[in-house]
Amino acid sequence: MVTQVTTSVPPRIADAEWSPDAGTAQLLAHATHALRTLDAEHGTVLAGLSSLLVRTEAVASSRIEHEDATIDDVARAAVGSRANPSATLVVRAGTALEQLVASAASGTITAAALLEAHRVLMADDPVDGRYAGHWRDVQNWIGGGATPRLAAYVPPPPELVPGLVDDLLAFVHRDDLHPIAQAAIAHAQFESVHPFTDGNGRIGRALVGAVFRRRGLAAQVTAPIAVVLAAERSRYFGLLTTYRDGAVDDLVRDLAIAIGTVSDEATVTALLLGEHRDRVRAHGVPPALLPILTNEPFVTEDTCDRLLGDRTESVTARLCAAGLLMPVTDRRRRRVWRVIGVADELEAFVERVADGVRARARPAA
């Protein structure tokens with residue numbers, strides 16, 4: 001029986017100093033330019049796709065936590081199907097991420113915003129739902145099973161959590177650090193505090209986007225950096241471990257590389273979805289439905305009924321015949337269709353990013 005546990009208390013970082021070496025500074029400059037260029041040159045297009053990018057981030061972020069769901073699973077979850085419980089969690093993760101990032105546009109990231117994002121994420125969880133929207137009041141640990149005896153990491157005791165979160169929020173409101181470095185350190189510190197009983201990874205990764213929004217690095221788009229982290233899951237967790245040992249530079253560099261990678265591929269996505277929009281318009285899609293079919297990977301019968309009235313059946317049948325839509329449910333009511341051009345490009349985006357990650361990990365010949 002375990003009678004005593006040694007916890008780890010991360011140092012406070014409100015006044016911590018960090019500066020990059022020449023190579024890291026160059027990576028940070030490239031990543032900053034890539035994300036700001038994406039936001040400026042394709043921001044108008046991608047602003048309409050914000051929910052698409054957020055959903056991509058939510059799927060990847062949940063996959064890191066072994067909550068896996070396809071786009072079609074998420075579509076079914078959106079109309080109440082519980083065939084894949086992970087998909088329901090992905091939908092909630094997307095909403096939590098979107099709300100937290102949007103709230104940071106005010107210039108502040110608050111404890112209340114973090115707690116609300118957690119409430120949205122975990123409210124219906126059968127195990128941890130009672131803790132949704134609250135800092136933990138129990139001891140938790142990472143790895144090791146039912147007891148902390150073999151845990152990989154034991155976070156600080158619960159009574160220290162509010163003070164450590166306040167210290168973290170003081171850190172994220174500084175303006176003297178590079179925003180990418182600030183986001184990387186804030187994320188790793190959040191994971192080290194582990195302030196919730198569950199959902200720490202997804203809220204912690206959402207905090208990265210919130211820091212970018214607060215610092216004005218991306219005013220319109222949310223870069224789905226979890227797509228890269230999911231492709232390098234072991235490396236990502238290893239970097240969080242080395243952060244707890246005092247190593248920061250590799251974590252900052254990897255986040256900068258992730259931002260550059262997803263920004264480049266999101267630019268390709270913006271261009272390809274422009275071509276998709278042209279194809280949709282060529283099929284005479286009703287104007288009311290056009291924004292949905294060009295910005296979302298699926299469309300529900302409820303949305304079609306609201307926008308089309310009694311034309312839903314004829315219009316969806318015509319668009320399915322044209323290869324623009326494909327049903328992903330087999331029920332007669334509350335149906336949902338995959339928007340083929342958007343959903344296919346979302347999946348291609350994730351695969352292109354993963355290919356880039358694998359190529360980077362491959363040893364040189």
# chains A, B, ... in the order shown; residues from 1 in each chain; ligands from 1
call {"tool": "residues_around", "arguments": {"residues": "A:Leu308", "least_positions_apart": "4", "cutoff": "10 Å", "atoms": "only C-alpha atoms", "output": "PDB file with C-alpha atoms, in the first residue's frame"}}
result
ATOM      1  CA  PRO A 286     -28.792  27.830 -53.281  1.00  0.00           C
ATOM      2  CA  PRO A 287     -27.124  31.009 -51.925  1.00  0.00           C
ATOM      3  CA  ALA A 288     -28.318  30.306 -48.370  1.00  0.00           C
ATOM      4  CA  LEU A 289     -26.462  26.996 -48.352  1.00  0.00           C
ATOM      5  CA  GLU A 301     -30.609  18.116 -42.014  1.00  0.00           C
ATOM      6  CA  ASP A 302     -31.598  20.623 -39.320  1.00  0.00           C
ATOM      7  CA  THR A 303     -29.398  23.254 -40.988  1.00  0.00           C
ATOM      8  CA  CYS A 304     -30.785  22.421 -44.429  1.00  0.00           C
ATOM      9  CA  THR A 312     -34.136  20.020 -48.444  1.00  0.00           C
ATOM     10  CA  GLU A 313     -34.918  16.647 -50.017  1.00  0.00           C
ATOM     11  CA  SER A 314     -34.593  17.752 -53.634  1.00  0.00           C
ATOM     12  CA  VAL A 315     -31.491  19.905 -53.121  1.00  0.00           C
TER      13      VAL A 315
END
call {"tool": "residues_around", "arguments": {"residues": "A:Arg92", "least_positions_apart": "3", "cutoff": "6 Å", "atoms": "only C-alpha atoms", "output": "MDAnalysis selection string"}}
result
chainID A and resid 89 95 121
call {"tool": "residues_around", "arguments": {"residues": "A:Thr294", "least_positions_apart": "3", "cutoff": "9 Å", "atoms": "only C-alpha atoms", "output": "ChimeraX atom specification"}}
result
/A:48-49,273-274,276-277,280,289-291,297,339,341-342
call {"tool": "write_last_selection", "arguments": {"atoms": "all heavy atoms", "output": "CSV table (one decimal), in the first residue's frame"}}
result
chain,number,residue,atom,x,y,z
A,48,GLY,N,-13.6,32.4,-42.4
A,48,GLY,CA,-14.9,31.7,-42.6
A,48,GLY,C,-14.7,30.2,-42.3
A,48,GLY,O,-15.6,29.5,-42.1
A,49,LEU,N,-13.4,29.8,-42.4
A,49,LEU,CA,-13.1,28.4,-42.1
A,49,LEU,C,-12.6,28.2,-40.7
A,49,LEU,O,-12.0,27.2,-40.3
A,49,LEU,CB,-12.0,27.9,-43.1
A,49,LEU,CG,-12.4,27.8,-44.5
A,49,LEU,CD1,-11.1,27.7,-45.4
A,49,LEU,CD2,-13.4,26.8,-44.8
A,273,LEU,N,-9.3,25.1,-51.3
A,273,LEU,CA,-10.7,25.3,-51.0
A,273,LEU,C,-11.3,26.4,-51.8
A,273,LEU,O,-12.5,26.5,-52.0
A,273,LEU,CB,-10.9,25.5,-49.5
A,273,LEU,CG,-10.7,24.3,-48.6
A,273,LEU,CD1,-10.8,24.7,-47.1
A,273,LEU,CD2,-11.6,23.2,-49.0
A,274,GLY,N,-10.4,27.3,-52.3
A,274,GLY,CA,-10.9,28.3,-53.3
A,274,GLY,C,-11.4,27.6,-54.5
A,274,GLY,O,-12.4,28.0,-55.1
A,276,HIS,N,-12.5,24.5,-54.6
A,276,HIS,CA,-13.7,23.9,-54.3
A,276,HIS,C,-14.9,24.8,-54.3
A,276,HIS,O,-16.0,24.4,-54.8
A,276,HIS,CB,-13.6,23.3,-52.9
A,276,HIS,CG,-14.8,22.8,-52.2
A,276,HIS,ND1,-15.5,21.7,-52.6
A,276,HIS,CD2,-15.6,23.4,-51.2
A,276,HIS,CE1,-16.6,21.6,-51.9
A,276,HIS,NE2,-16.7,22.6,-51.0
A,277,ARG,N,-14.7,26.0,-53.8
A,277,ARG,CA,-15.8,27.0,-53.9
A,277,ARG,C,-16.3,27.3,-55.3
A,277,ARG,O,-17.5,27.4,-55.5
A,277,ARG,CB,-15.4,28.3,-53.2
A,277,ARG,CG,-15.5,28.3,-51.7
A,277,ARG,CD,-15.3,29.6,-51.1
A,277,ARG,NE,-13.9,30.1,-51.3
A,277,ARG,CZ,-12.9,29.7,-50.5
A,277,ARG,NH1,-13.1,28.9,-49.5
A,277,ARG,NH2,-11.7,30.2,-50.7
A,280,VAL,N,-18.5,24.4,-56.3
A,280,VAL,CA,-19.8,24.4,-55.7
A,280,VAL,C,-20.7,25.4,-56.4
A,280,VAL,O,-21.9,25.2,-56.7
A,280,VAL,CB,-19.6,24.7,-54.2
A,280,VAL,CG1,-21.0,25.0,-53.6
A,280,VAL,CG2,-19.0,23.6,-53.5
A,289,LEU,N,-27.2,28.2,-48.7
A,289,LEU,CA,-26.5,27.0,-48.4
A,289,LEU,C,-25.0,27.1,-48.7
A,289,LEU,O,-24.1,26.4,-48.2
A,289,LEU,CB,-27.0,25.8,-49.0
A,289,LEU,CG,-26.7,24.4,-48.5
A,289,LEU,CD1,-27.1,24.3,-47.0
A,289,LEU,CD2,-27.4,23.3,-49.3
A,290,LEU,N,-24.7,28.1,-49.5
A,290,LEU,CA,-23.3,28.2,-50.1
A,290,LEU,C,-22.2,28.4,-49.0
A,290,LEU,O,-21.2,27.7,-49.0
A,290,LEU,CB,-23.2,29.4,-51.0
A,290,LEU,CG,-22.0,29.5,-51.9
A,290,LEU,CD1,-21.8,28.3,-52.8
A,290,LEU,CD2,-22.0,30.8,-52.7
A,291,PRO,N,-22.4,29.2,-47.9
A,291,PRO,CA,-21.4,29.3,-46.9
A,291,PRO,C,-21.1,28.0,-46.2
A,291,PRO,O,-20.0,27.7,-45.8
A,291,PRO,CB,-21.9,30.4,-45.9
A,291,PRO,CG,-22.9,31.2,-46.8
A,291,PRO,CD,-23.5,30.2,-47.7
A,297,PRO,N,-17.1,20.8,-43.1
A,297,PRO,CA,-16.9,19.4,-43.6
A,297,PRO,C,-18.2,18.6,-43.6
A,297,PRO,O,-18.2,17.5,-44.2
A,297,PRO,CB,-15.9,18.8,-42.7
A,297,PRO,CG,-16.1,19.5,-41.4
A,297,PRO,CD,-16.5,20.9,-41.7
A,339,VAL,N,-19.6,17.0,-46.6
A,339,VAL,CA,-19.3,17.9,-47.7
A,339,VAL,C,-17.9,17.4,-48.3
A,339,VAL,O,-16.9,17.7,-47.7
A,339,VAL,CB,-19.2,19.4,-47.2
A,339,VAL,CG1,-18.9,20.3,-48.4
A,339,VAL,CG2,-20.5,19.8,-46.5
A,341,GLY,N,-15.7,17.9,-50.7
A,341,GLY,CA,-14.6,18.7,-51.1
A,341,GLY,C,-13.9,19.3,-49.8
A,341,GLY,O,-12.6,19.2,-49.7
A,342,VAL,N,-14.6,19.7,-48.8
A,342,VAL,CA,-14.1,20.3,-47.6
A,342,VAL,C,-13.5,19.2,-46.7
A,342,VAL,O,-12.4,19.3,-46.2
A,342,VAL,CB,-15.1,21.1,-46.9
A,342,VAL,CG1,-14.5,21.6,-45.6
A,342,VAL,CG2,-15.6,22.3,-47.7
call {"tool": "atom_distance", "arguments": {"atom1": "atom CA of A:Pro179", "atom2": "atom CA of A:Ala117"}}
result
21.6 Å
call {"tool": "closest_residue", "arguments": {"among": "A:Ile225, A:Leu114, A:Leu325, A:Ala270", "to": "A:Thr300", "atoms": "only C-alpha atoms"}}
result
A:Leu325
call {"tool": "select_by_dssp", "arguments": {"residues": "stretch 70-290 of chain A", "states": "helix (DSSP H, G or I)", "output": "PyMOL selection string"}}
result
chain A and resi 71-78+85-104+111-122+129-131+148-150+158-172+179-193+200-215+226-231+233-244+249-282+290
call {"tool": "closest_residue", "arguments": {"among": "A:Pro224, A:Gly144, A:Gly246, A:Pro155", "to": "A:Ser192", "atoms": "only C-alpha atoms"}}
result
A:Pro155
call {"tool": "select_by_dssp", "arguments": {"residues": "stretch 227-327 of chain A", "states": "strand (DSSP E)", "output": "ChimeraX atom specification"}}
result
/A:298-300,325-327
call {"tool": "closest_residue", "arguments": {"among": "A:Gly163, A:Pro148, A:Gly201, A:Pro20", "to": "A:Ile180", "atoms": "only C-alpha atoms"}}
result
A:Pro20
call {"tool": "closest_residue", "arguments": {"among": "A:Ala96, A:Ala231, A:Ala105, A:Ala322", "to": "A:Val357", "atoms": "only C-alpha atoms"}}
result
A:Ala231
call {"tool": "closest_residue", "arguments": {"among": "A:Leu324, A:Val90, A:Ala29, A:Ala184", "to": "A:Asp250", "atoms": "only C-alpha atoms"}}
result
A:Ala184
call {"tool": "closest_residue", "arguments": {"among": "A:Asn200, A:Thr316, A:Thr267, A:Ser8", "to": "A:Leu115", "atoms": "only C-alpha atoms"}}
result
A:Asn200
call {"tool": "residues_around", "arguments": {"residues": "A:Arg338", "least_positions_apart": "4", "cutoff": "7 Å", "atoms": "only C-alpha atoms", "output": "PyMOL selection string"}}
result
chain A and resi 72+297-299+325-328+343
call {"tool": "write_last_selection", "arguments": {"atoms": "N, CA and C atoms", "output": "PDB file, in the first residue's frame"}}
result
ATOM      1  N   ASP A  72     -16.329  11.849 -40.187  1.00  0.00           N
ATOM      2  CA  ASP A  72     -17.681  11.315 -40.276  1.00  0.00           C
ATOM      3  C   ASP A  72     -18.238  10.993 -38.890  1.00  0.00           C
ATOM      4  N   PRO A 297     -17.097  20.767 -43.068  1.00  0.00           N
ATOM      5  CA  PRO A 297     -16.906  19.417 -43.610  1.00  0.00           C
ATOM      6  C   PRO A 297     -18.171  18.570 -43.627  1.00  0.00           C
ATOM      7  N   PHE A 298     -19.226  19.044 -42.965  1.00  0.00           N
ATOM      8  CA  PHE A 298     -20.494  18.321 -43.027  1.00  0.00           C
ATOM      9  C   PHE A 298     -21.642  19.297 -42.835  1.00  0.00           C
ATOM     10  N   VAL A 299     -22.825  18.876 -43.239  1.00  0.00           N
ATOM     11  CA  VAL A 299     -24.026  19.706 -43.088  1.00  0.00           C
ATOM     12  C   VAL A 299     -25.143  18.822 -42.564  1.00  0.00           C
ATOM     13  N   LEU A 325     -22.049  16.079 -52.015  1.00  0.00           N
ATOM     14  CA  LEU A 325     -22.431  15.592 -50.694  1.00  0.00           C
ATOM     15  C   LEU A 325     -22.453  14.068 -50.691  1.00  0.00           C
ATOM     16  N   MET A 326     -22.288  13.506 -49.475  1.00  0.00           N
ATOM     17  CA  MET A 326     -22.409  12.060 -49.298  1.00  0.00           C
ATOM     18  C   MET A 326     -23.018  11.802 -47.921  1.00  0.00           C
ATOM     19  N   PRO A 327     -24.104  11.021 -47.853  1.00  0.00           N
ATOM     20  CA  PRO A 327     -24.719  10.768 -46.541  1.00  0.00           C
ATOM     21  C   PRO A 327     -23.789   9.951 -45.647  1.00  0.00           C
ATOM     22  N   VAL A 328     -23.768  10.305 -44.352  1.00  0.00           N
ATOM     23  CA  VAL A 328     -22.966   9.538 -43.400  1.00  0.00           C
ATOM     24  C   VAL A 328     -23.839   8.932 -42.307  1.00  0.00           C
ATOM     25  N   ALA A 343     -14.277  18.129 -46.521  1.00  0.00           N
ATOM     26  CA  ALA A 343     -13.829  17.048 -45.641  1.00  0.00           C
ATOM     27  C   ALA A 343     -12.598  16.345 -46.202  1.00  0.00           C
TER      28      ALA A 343
END
call {"tool": "atom_distance", "arguments": {"atom1": "atom CA of A:Glu116", "atom2": "atom CA of A:Ala75"}}
result
24.1 Å
call {"tool": "atom_distance", "arguments": {"atom1": "atom CA of A:Glu232", "atom2": "atom CA of A:Asp254"}}
result
10.2 Å
call {"tool": "residues_around", "arguments": {"residues": "A:Thr197", "least_positions_apart": "6", "cutoff": "7 Å", "atoms": "only C-alpha atoms", "output": "list in words"}}
result
Asp128, Arg136 and Asn140 of chain A
